[in-house]
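start.txt, holding compact mmCIF, C-alpha atoms:
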```
# COMPACT_ATOMS: atom_id res chain seq x y z
CA MET A 440 86.62 92.11 156.03
CA SER A 441 87.32 93.04 152.43
CA ASP A 442 86.25 91.10 149.36
CA ILE A 443 89.92 90.33 148.70
CA LYS A 444 90.34 88.67 152.08
CA LYS A 445 87.14 86.69 151.63
CA ALA A 446 88.21 85.52 148.21
CA GLY A 447 91.41 84.15 149.74
CA ASN A 448 89.48 82.02 152.20
CA ILE A 449 87.20 80.38 149.64
CA PRO A 450 89.79 78.36 147.65
CA THR A 451 91.26 76.86 150.84
CA SER A 452 87.87 75.55 151.93
CA MET A 453 87.07 74.33 148.43
CA LEU A 454 90.35 72.41 148.38
CA ALA A 455 89.35 70.72 151.64
CA VAL A 456 86.09 69.59 150.06
CA ALA A 457 87.87 68.51 146.88
CA SER A 458 90.23 66.33 148.91
CA LEU A 459 87.20 64.51 150.30
CA LEU A 460 85.63 64.15 146.88
CA LEU A 461 88.82 62.82 145.26
CA SER A 462 90.18 60.74 148.14
CA ALA A 463 88.78 57.50 146.74
CA PRO A 464 87.94 57.08 143.06
CA SER A 465 86.38 53.63 143.52
CA PHE A 466 82.60 53.99 143.85
CA ALA A 467 80.43 51.44 145.63
CA GLU A 468 76.75 51.99 146.39
CA VAL A 469 74.21 54.68 145.58
CA TYR A 470 72.21 55.96 148.56
CA VAL A 471 69.38 58.28 149.56
CA ALA A 472 69.32 59.83 153.03
CA PRO A 473 66.31 61.90 154.19
CA PHE A 474 66.79 63.87 157.41
CA GLY A 475 65.10 66.35 159.69
CA GLY A 476 66.16 68.53 162.56
CA TYR A 477 66.49 72.05 163.87
CA GLY A 478 68.15 75.11 162.34
CA PHE A 479 69.38 78.08 164.33
CA GLY A 480 71.02 81.37 163.42
CA ALA A 481 74.43 81.72 165.02
CA SER A 482 75.15 85.28 163.86
CA GLU A 483 73.38 88.59 163.42
CA PHE A 484 73.44 91.25 160.71
CA ASN A 485 74.17 94.87 161.60
CA ILE A 486 71.50 96.73 159.63
CA LYS A 487 70.14 100.17 158.80
CA SER A 488 66.54 100.27 157.61
CA SER A 489 65.59 102.08 154.42
CA GLY A 490 62.15 103.24 155.55
CA VAL A 491 60.30 100.90 153.18
CA GLY A 492 56.89 99.70 154.40
CA ASN A 493 56.52 99.97 158.18
CA LEU A 494 60.27 100.34 158.82
CA THR A 495 61.65 103.59 160.26
CA SER A 496 64.14 105.22 157.90
CA GLY A 497 67.73 105.25 159.20
CA GLU A 498 66.94 103.03 162.19
CA GLU A 499 69.91 100.85 163.14
CA GLY A 500 69.77 97.45 164.77
CA GLU A 501 70.48 93.77 164.42
CA LEU A 502 68.76 91.16 162.31
CA LYS A 503 68.74 87.43 162.93
CA VAL A 504 67.26 84.29 161.37
CA SER A 505 64.88 82.65 163.85
CA GLU A 506 65.30 79.10 165.07
CA SER A 507 62.89 76.56 163.60
CA ALA A 508 62.51 73.02 162.31
CA GLN A 509 64.08 72.09 158.98
CA TYR A 510 64.32 69.03 156.74
CA GLY A 511 66.16 67.80 153.68
CA VAL A 512 67.64 64.93 151.73
CA MET A 513 71.04 63.76 150.50
CA LEU A 514 71.62 61.78 147.29
CA GLY A 515 75.04 60.26 146.78
CA PHE A 516 77.31 57.27 146.50
CA THR A 517 79.74 55.60 148.86
CA THR A 518 83.49 55.36 148.27
CA ALA A 519 86.03 52.79 149.35
CA ASP A 520 88.19 54.82 151.74
CA PRO A 521 85.50 54.67 153.47
CA GLY A 522 83.53 57.78 152.68
CA ASP A 523 80.84 59.20 150.44
CA ILE A 524 80.06 61.98 147.99
CA TYR A 525 76.62 63.62 148.07
CA LEU A 526 74.29 66.33 146.84
CA LEU A 527 72.43 67.90 149.78
CA TYR A 528 69.21 69.90 149.80
CA SER A 529 67.92 71.46 153.03
CA HIS A 530 64.81 73.62 153.59
CA GLN A 531 63.79 75.78 156.55
CA SER A 532 60.65 77.94 156.89
CA THR A 533 61.52 80.63 159.41
CA GLU A 534 61.41 84.39 160.15
CA LEU A 535 63.75 87.34 160.17
CA ARG A 536 63.67 89.06 163.56
CA THR A 537 65.13 92.18 165.13
CA GLY A 538 65.83 92.96 168.77
CA SER A 539 67.23 90.95 171.67
CA ASN A 540 66.60 87.28 172.41
CA PHE A 541 64.16 88.34 175.15
CA SER A 542 62.02 90.69 173.04
CA PRO A 543 62.44 89.78 169.37
CA SER A 544 60.24 91.44 166.77
CA PRO A 545 59.36 89.49 163.60
CA ILE A 546 59.98 91.39 160.35
CA THR A 547 59.11 88.95 157.57
CA ASP A 548 58.71 85.25 156.87
CA LEU A 549 61.69 83.63 155.21
CA ASP A 550 62.28 80.39 153.29
CA LEU A 551 65.93 79.36 153.62
CA ASP A 552 67.41 76.65 151.37
CA TYR A 553 70.86 75.11 151.00
CA LEU A 554 71.96 73.23 147.87
CA HIS A 555 75.44 71.77 148.41
CA LEU A 556 77.89 69.30 146.93
CA GLY A 557 79.90 67.60 149.65
CA GLY A 558 81.80 64.61 150.91
CA SER A 559 82.20 62.69 154.17
CA LEU A 560 85.03 60.63 155.64
CA TYR A 561 84.15 57.83 158.08
CA PHE A 562 86.13 56.29 160.93
CA PRO A 563 84.37 52.91 161.43
CA LYS A 564 84.40 51.08 164.74
CA GLY A 565 82.26 48.06 164.01
CA ASP A 566 78.69 49.16 163.33
CA VAL A 567 79.35 52.64 164.77
CA LYS A 568 80.82 55.07 162.23
CA PRO A 569 81.84 58.59 163.34
CA TYR A 570 82.46 60.95 160.43
CA VAL A 571 83.46 64.45 159.36
CA THR A 572 81.92 66.22 156.39
CA ALA A 573 82.40 69.36 154.27
CA SER A 574 80.46 70.91 151.39
CA VAL A 575 80.17 73.93 149.09
CA GLY A 576 77.19 75.35 147.26
CA LEU A 577 74.48 78.01 147.35
CA THR A 578 72.18 79.53 149.96
CA SER A 579 68.77 80.74 148.77
CA MET A 580 66.87 83.24 150.95
CA ARG A 581 63.29 83.99 149.92
CA PRO A 582 61.39 86.58 152.00
CA SER A 583 57.62 86.91 151.92
CA GLY A 584 55.97 89.70 149.96
CA GLU A 585 57.22 91.13 146.70
CA TYR A 586 60.90 91.45 147.57
CA ALA A 587 63.53 89.67 145.52
CA ASN A 588 65.14 86.41 146.50
CA GLU A 589 68.81 86.39 147.49
CA THR A 590 71.21 83.61 146.40
CA ARG A 591 74.76 83.59 147.77
CA PHE A 592 77.78 81.27 147.82
CA SER A 593 78.14 79.22 151.01
CA MET A 594 80.26 76.52 152.63
CA GLY A 595 79.33 73.83 155.13
CA PHE A 596 81.14 71.58 157.59
CA GLY A 597 80.07 69.15 160.28
CA VAL A 598 80.59 66.08 162.41
CA GLY A 599 78.30 63.13 163.02
CA VAL A 600 77.92 59.46 163.78
CA ALA A 601 76.12 56.69 161.88
CA TYR A 602 74.95 53.32 163.15
CA GLN A 603 74.74 50.41 160.69
CA VAL A 604 71.44 48.66 161.46
CA ALA A 605 71.58 46.37 158.40
CA PRO A 606 73.83 46.11 155.31
CA SER A 607 71.64 48.53 153.34
CA PHE A 608 70.19 50.62 156.18
CA SER A 609 71.75 52.93 158.77
CA LEU A 610 70.72 55.74 161.11
CA PHE A 611 72.74 58.91 161.58
CA ALA A 612 72.91 62.08 163.65
CA ASP A 613 75.03 65.10 162.86
CA ALA A 614 75.67 68.77 163.56
CA ARG A 615 76.46 71.10 160.67
CA GLY A 616 77.56 74.70 160.34
CA TYR A 617 76.96 76.87 157.26
CA ALA A 618 78.77 80.08 156.32
CA THR A 619 76.97 82.21 153.71
CA PHE A 620 79.09 84.98 152.20
CA ILE A 621 77.33 88.35 152.04
CA SER A 622 79.15 91.45 150.78
CA SER A 623 79.58 94.08 153.47
CA ASP A 624 77.91 97.47 153.09
CA SER A 625 75.36 96.12 150.61
CA THR A 626 71.60 96.05 150.33
CA LEU A 627 69.43 93.06 151.11
CA PHE A 628 65.98 91.94 149.86
CA CYS A 629 65.31 94.56 147.18
CA ASN A 630 62.31 95.14 144.92
CA GLY A 631 63.36 97.37 142.07
CA GLY A 632 64.91 100.39 143.76
CA ASP A 633 63.38 99.65 147.17
CA CYS A 634 65.42 97.65 149.68
CA LEU A 635 64.42 96.64 153.19
CA TRP A 636 67.88 97.15 154.72
CA SER A 637 71.48 98.02 154.10
CA ILE A 638 73.82 95.69 155.97
CA SER A 639 77.40 95.81 157.25
CA SER A 640 78.12 92.11 157.70
CA ASP A 641 80.34 89.73 155.75
CA ILE A 642 79.17 86.22 156.68
CA MET A 643 75.89 84.75 157.88
CA TRP A 644 76.54 81.76 160.16
CA GLN A 645 73.87 79.15 160.72
CA GLY A 646 73.87 75.79 162.50
CA GLN A 647 71.82 72.61 162.17
CA VAL A 648 71.34 69.46 164.21
CA ASN A 649 69.89 66.53 162.27
CA LEU A 650 68.61 62.98 162.58
CA GLY A 651 68.16 60.82 159.51
CA LEU A 652 68.29 57.45 157.84
CA LYS A 653 70.40 56.20 154.96
CA LEU A 654 69.23 53.61 152.41
CA THR A 655 71.84 52.15 150.06
CA PHE A 656 71.13 50.36 146.79
```
Kindly present the structure from the file in structure tokens form.
Amino acid sequence: MSDIKKAGNIPTSMLAVASLLLSAPSFAEVYVAPFGGYGFGASEFNIKSSGVGNLTSGEEGELKVSESAQYGVMLGFTTADPGDIYLLYSHQSTELRTGSNFSPSPITDLDLDYLHLGGSLYFPKGDVKPYVTASVGLTSMRPSGEYANETRFSMGFGVGVAYQVAPSFSLFADARGYATFISSDSTLFCNGGDCLWSISSDIMWQGQVNLGLKLTF
């Protein structure tokens, strides 16, 4: 996929998020919502190693973010439509691995963070409130060792359900997908002129399943 095609997809998704953010200008309550769950890589990079460190030069393969626990928090305010607007931070300590699911080989530790601005739209049925959500922001990938961090634009979307336990307290569960845009035929995790891999992938897909609680003020 070319950069031109990717650029055409970004405004459409940003408009979808903007419609959530602007759907109700009347603000109600501020809230904080810590959560925890599990993150899993839903896509793989096609890579060619550069021969740095213990990697074999020119070796081709696939690279994937390992599954592991993750946690985060949302800060936001509710709107009257009903919905909410939030700032989300999510952190996952994981690994980059090569090989098949049956014989994966760890390459390096990786800290993976999302910082997103998003909005949710609820469909209340009494105390049970199904919702859809979308967000845009940045993905930060920080490998171990001396190699540089990578920060790329990303989008998120998801579905979930909340249960209102009390007027200022609710529980929620959701599933989210994140698309991180990575230029094709580029290098990844460089230190000066040394790069671990060159890649031929456009988007890194990752999923999350979360449980959390929401406190309104």
If we count all atoms listed in the file and set the cut-off at 7 Å, which residues sit around segment 527-537 of chain A, ignoring sequence neighbours fewer than 3 positions away in its own chain? Please answer as a list in words. Glu501, Leu502, Lys503, Val504, Ser505, Glu506, Ser507, Ala508, Gln509, Tyr510, Gly511, Val512, Met513, Leu514, Pro543, Ser544, Pro545, Ile546, Thr547, Asp548, Leu549, Asp550, Leu551, Asp552, Tyr553, Leu554, His555 and Leu556 of chain A
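Note that the spacing between atom CA of Phe474 of chain A and atom CA of Phe596 of chain A amounts to 16.3 Å.
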For Val604 of chain A: contacts at 12 Å, all atoms listed in the file, fewer than 5 positions along chain excluded, given as a PDB file with C-alpha atoms, in the frame of the given file:
```
ATOM      1  CA  GLY A 565      82.260  48.060 164.010  1.00  0.00           C
ATOM      2  CA  ASP A 566      78.690  49.160 163.330  1.00  0.00           C
ATOM      3  CA  VAL A 567      79.350  52.640 164.770  1.00  0.00           C
ATOM      4  CA  LYS A 568      80.820  55.070 162.230  1.00  0.00           C
ATOM      5  CA  SER A 609      71.750  52.930 158.770  1.00  0.00           C
ATOM      6  CA  LEU A 610      70.720  55.740 161.110  1.00  0.00           C
ATOM      7  CA  PHE A 611      72.740  58.910 161.580  1.00  0.00           C
ATOM      8  CA  LEU A 652      68.290  57.450 157.840  1.00  0.00           C
ATOM      9  CA  LYS A 653      70.400  56.200 154.960  1.00  0.00           C
ATOM     10  CA  LEU A 654      69.230  53.610 152.410  1.00  0.00           C
ATOM     11  CA  THR A 655      71.840  52.150 150.060  1.00  0.00           C
TER      12      THR A 655
END
```
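Counting all atoms listed in the file and comparing A:Leu526, A:Leu560, A:Val575, A:Ala481, the residue that lies closest to Val600 of chain A is A:Leu560.
When atom CA of Ile642 of chain A is paired with atom CA of Tyr477 of chain A, their separation reads 20.3 Å.
Put simply, atom CA of Ser607 of chain A is 28.1 Å away from atom CA of Gly576 of chain A.
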Find, counting only C-alpha atoms, the residue in A:Asp613, A:Asp523, A:Glu499, A:Glu589 that gets nearest to Gly557 of chain A. A:Asp523
